[in-house]
Amino acid sequence: MRHLLSTRDLSRDDAIGILDVAEDMADVARRAVPKLPTLQGRTVANLFFEDSTRTRLSFEAAAKRLSADVITLSAKGSSVQKGEGLKDTVQTIAAMGVDAVVIRHGASGAARTLADGGWIDAAVVNAGDGTHEHPTQGLLDAYTMRKARHGDASRGRDLEGIRVVIVGDILHSRVARSNVWLLKTLGADVTLVAPATLLPTGVGTWPVTVMHDLDDALAAKPDVVMMLRIQSERMHAAFFPNEREYSREWGLDDARFSRLGPDTMVMHPGPMIRGLEISAAAADSARSLVLDQVTNGVSIRMAVLYLVLTGAAA
Amino acid sequence: MPARPVLQQADIERALTRIAHEILESNRGSSDLVLLGIPTRGVLLAERLGGILERLEPGSGRVGALDVTMYRDDLRSQPTRSPQPTRIPEGGIDGKTVVLVDDVLYSGRTIRAALDALGAHGRPRAVRLAVLVDRGHRELPIRADFVGKNLPSAASERVNVRLRETDGDDAVEIDGGES
């Protein structure tokens, strides 16, 4: 694998291959010495042009567990603030000698531009580009579902027959897009639930069922309920009347949570806004896999860094 | 040149039985023995050896698997390898005598990686090496303690080990090289 830019261009075998390598990476964390020498001497640059807690720390932890060196750039406090463009910024960092670039950027397609632009020859891993994709999040979500469903017998399996409901701000969500493509490839059945204003135009062409009523969607007893954050930083218009109304119609509140089946998986990519899209009781319950998602994120990112940084060019 | 058979099923069984006896002899019994196979065929051989040990001295057949992929020194020059599961038997390896088991000993680089990988799981009292075939051409100062068959070979030849669990039958063949 040269780059990881989107889940849409992963085949079923590619995707299962990444999830299986992540299984082995997860085993590493349980050892006496939870570190591998695999990427010794390689340098991973984390370029974060948008804010992030878990993705940035997760990539950093993953790279360090594989013994890679990590350099990190956050747009705040860097020359980006002085007006330096993307090309100059990445070429500057590449000139310091990096083998892989992990990039989060507000512009959809930023990672693709780095990979195909001929500016640098490092491997590129997309850590979120605008409203386009966030492939490692999609992969860690699929891994979390597979692990919760199949446990230790997960290796080699797909998500055939798992029914997933994704609720909330689909319009601005790169997580939703990465999940839709990957879950479809892995054989899961995806339903999107959102107010019409928070669905992208063209959602009719996606391989999903679209619903507007959360109670109807939950009545079908899905296996997974994935709540998305309302991305107010990307909202420059009124998409719903107010937060209380949103929460009443599309939030996973205590009443809706209590009607879920006993082994329904509750997921959220984080950061959670408690009381808006998810209640505290739902977020903290035993059915909530939110912290599993974070733990699994490190394994997935180790797998991805391993796969893009090893192997002779085919 | 067609593949030349080196070991047949009965030869492999005899070799493994002899290795099992040698392991017990050199360890002065079966106490604190752990067999760790190196994927893929090393694991199958370790399981067979474990079965034989279990028949000779019940309770001695603790078998696991040790994946060395992430410790290899050729990850950048070879196609991407998929790691295999590592299984350390109950009780761990601290203070135990670990016998690494592999099918073919060649450059010694796999065993170097295995020695590094072991360090992540504990500190064995001693580490031994058992291989079905030693074909020479070592690139590192490593040798096997228990050898099924010494097989002088040319570097251009290929040694193929087939085991019934993965390949349908048991055989060791050599092919290729100058004809």
# chains A, B, ... in the order shown; residues from 1 in each chain; ligands from 1
>>> residues_around(residues="stretch 144-160 of chain A", least_positions_apart="4", cutoff="9 Å", atoms="only C-alpha atoms", output="PyMOL selection string")
chain A and resi 12-13+15-17+19-21+23+139-140+183-189+224+265+289+292-293+296-297
>>> write_last_selection(atoms="C-alpha atoms", output="mmCIF file, in the first residue's frame")
data_model
loop_
_atom_site.group_PDB
_atom_site.id
_atom_site.type_symbol
_atom_site.label_atom_id
_atom_site.label_comp_id
_atom_site.auth_asym_id
_atom_site.auth_seq_id
_atom_site.Cartn_x
_atom_site.Cartn_y
_atom_site.Cartn_z
ATOM 1 C CA ARG A 12 -12.724 -6.007 0.454
ATOM 2 C CA ASP A 13 -9.439 -7.926 0.672
ATOM 3 C CA ALA A 15 -9.763 -3.684 4.046
ATOM 4 C CA ILE A 16 -9.795 -7.063 5.763
ATOM 5 C CA GLY A 17 -6.014 -7.182 5.384
ATOM 6 C CA LEU A 19 -8.065 -5.014 9.998
ATOM 7 C CA ASP A 20 -6.165 -8.298 10.387
ATOM 8 C CA VAL A 21 -2.797 -6.563 10.726
ATOM 9 C CA GLU A 23 -5.405 -7.475 15.287
ATOM 10 C CA LEU A 139 -11.294 1.454 9.611
ATOM 11 C CA LEU A 140 -11.220 1.679 13.397
ATOM 12 C CA LEU A 183 -19.088 -0.696 5.644
ATOM 13 C CA LYS A 184 -20.647 -1.263 2.244
ATOM 14 C CA THR A 185 -17.452 -2.940 0.989
ATOM 15 C CA LEU A 186 -17.464 -5.172 4.072
ATOM 16 C CA GLY A 187 -21.066 -6.234 3.559
ATOM 17 C CA ALA A 188 -22.795 -4.258 6.319
ATOM 18 C CA ASP A 189 -26.160 -2.605 5.879
ATOM 19 C CA VAL A 224 -24.845 -0.442 15.813
ATOM 20 C CA MET A 265 -23.279 -1.104 20.107
ATOM 21 C CA LEU A 289 -17.774 1.496 22.641
ATOM 22 C CA ASP A 292 -12.793 0.956 22.607
ATOM 23 C CA GLN A 293 -12.832 3.034 19.447
ATOM 24 C CA ASN A 296 -8.541 0.383 18.529
ATOM 25 C CA GLY A 297 -7.593 3.578 16.717
#
>>> interface_residues(of="chain A", to="chain B", cutoff="6 Å", atoms="only C-alpha atoms", output="list of chain:residue names")
A:Ala32, A:Val33, A:Thr38, A:Thr310, A:Gly311, A:Ala312
>>> write_last_selection(atoms="N, CA and C atoms", output="short mmCIF file (atom, residue, chain, number, x, y, z; two decimals), in the first residue's frame")
data_model
loop_
_atom_site.label_atom_id
_atom_site.label_comp_id
_atom_site.auth_asym_id
_atom_site.auth_seq_id
_atom_site.Cartn_x
_atom_site.Cartn_y
_atom_site.Cartn_z
N ALA A 32 4.69 -7.77 27.52
CA ALA A 32 5.55 -7.19 28.55
C ALA A 32 6.19 -5.91 28.03
N VAL A 33 6.65 -5.92 26.79
CA VAL A 33 7.23 -4.73 26.16
C VAL A 33 6.35 -4.37 24.97
N THR A 38 9.96 -2.15 14.33
CA THR A 38 9.73 -2.26 12.89
C THR A 38 10.09 -1.02 12.07
N THR A 310 6.41 -0.10 4.70
CA THR A 310 7.25 -1.26 4.39
C THR A 310 6.83 -1.82 3.04
N GLY A 311 7.64 -2.72 2.55
CA GLY A 311 7.32 -3.34 1.28
C GLY A 311 8.00 -2.58 0.15
N ALA A 312 8.71 -3.32 -0.71
CA ALA A 312 9.33 -2.69 -1.86
C ALA A 312 8.24 -2.25 -2.81
#
>>> select_by_dssp(residues="stretch 23-132 of chain A", states="strand (DSSP E)", output="list of chain:residue names")
A:Thr43, A:Val44, A:Ala45, A:Asn46, A:Leu47, A:Phe48, A:Asp69, A:Val70, A:Ile71, A:Thr72, A:Leu73, A:Ser74, A:Ala100, A:Val101, A:Val102, A:Ile103, A:Arg104, A:His105, A:Ala123, A:Val124, A:Val125, A:Asn126, A:Ala127, A:Gly128, A:Asp129
>>> select_by_dssp(residues="stretch 145-204 of chain A", states="alpha helix (DSSP H)", output="list in words")
Met145, Arg146, Lys147, Ala148, Arg149, His150, Arg174, Val175, Ala176, Arg177, Ser178, Asn179, Val180, Trp181, Leu182, Leu183, Lys184 and Thr185 of chain A
>>> write_last_selection(atoms="C-alpha atoms", output="JSON list (two decimals), in the first residue's frame")
[["chain", "number", "residue", "atom", "x", "y", "z"],
["A", 145, "MET", "CA", -17.75, -3.58, 15.23],
["A", 146, "ARG", "CA", -15.99, -6.73, 14.05],
["A", 147, "LYS", "CA", -14.29, -7.21, 17.40],
["A", 148, "ALA", "CA", -17.52, -6.68, 19.34],
["A", 149, "ARG", "CA", -19.34, -9.14, 17.09],
["A", 150, "HIS", "CA", -16.73, -11.85, 16.52],
["A", 174, "ARG", "CA", -16.02, 12.85, 6.66],
["A", 175, "VAL", "CA", -16.41, 10.08, 9.24],
["A", 176, "ALA", "CA", -19.82, 9.20, 7.82],
["A", 177, "ARG", "CA", -18.46, 9.08, 4.28],
["A", 178, "SER", "CA", -15.50, 6.87, 5.18],
["A", 179, "ASN", "CA", -17.83, 4.60, 7.11],
["A", 180, "VAL", "CA", -20.42, 4.37, 4.34],
["A", 181, "TRP", "CA", -17.92, 3.22, 1.70],
["A", 182, "LEU", "CA", -16.04, 0.85, 3.97],
["A", 183, "LEU", "CA", -19.09, -0.70, 5.64],
["A", 184, "LYS", "CA", -20.65, -1.26, 2.24],
["A", 185, "THR", "CA", -17.45, -2.94, 0.99]]
>>> residues_around(residues="stretch 61-67 of chain A", least_positions_apart="5", cutoff="6 Å", atoms="only C-alpha atoms", output="JSON, numbers by chain")
{"A": [35, 36, 37, 38, 39, 40, 298, 301, 302]}
>>> residues_around(residues="B:Glu139", least_positions_apart="5", cutoff="9 Å", atoms="only C-alpha atoms", output="PyMOL selection string")
chain B and resi 106-109
>>> closest_residue(among="B:Gly42, B:Pro5, B:Gly50, B:Gly29", to="B:Thr17", atoms="only C-alpha atoms")
B:Gly50
>>> residues_around(residues="A:Ala196", least_positions_apart="5", cutoff="10 Å", atoms="only C-alpha atoms", output="number ranges by chain")
A: 170-171, 201, 210-212, 239-240
>>> closest_residue(among="B:Val127, B:Leu16, B:Val133, B:Gln9", to="B:Gly168", atoms="only C-alpha atoms")
B:Gln9
>>> residues_around(residues="B:Glu90", least_positions_apart="4", cutoff="10 Å", atoms="only C-alpha atoms", output="list in words")
Val34, Arg62, Val63 and Gly64 of chain B
>>> residues_around(residues="B:Phe146", least_positions_apart="2", cutoff="7 Å", atoms="only C-alpha atoms", output="PyMOL selection string")
chain B and resi 19+129-131+144+148
>>> atom_distance(atom1="atom CA of A:Met96", atom2="atom CA of A:Gly130")
26.5 Å
>>> atom_distance(atom1="atom CA of A:Ser78", atom2="atom CA of A:Pro135")
25.9 Å
>>> closest_residue(among="A:Ala303, A:Ala219, A:Met235, A:Met1", to="A:Asp169", atoms="only C-alpha atoms")
A:Met235
>>> atom_distance(atom1="atom CA of B:Ile142", atom2="atom CA of B:Val172")
22.4 Å
>>> closest_residue(among="A:Ala220, A:Ile230, A:Asp9, A:Ala282", to="A:Ala255", atoms="only C-alpha atoms")
A:Ala282
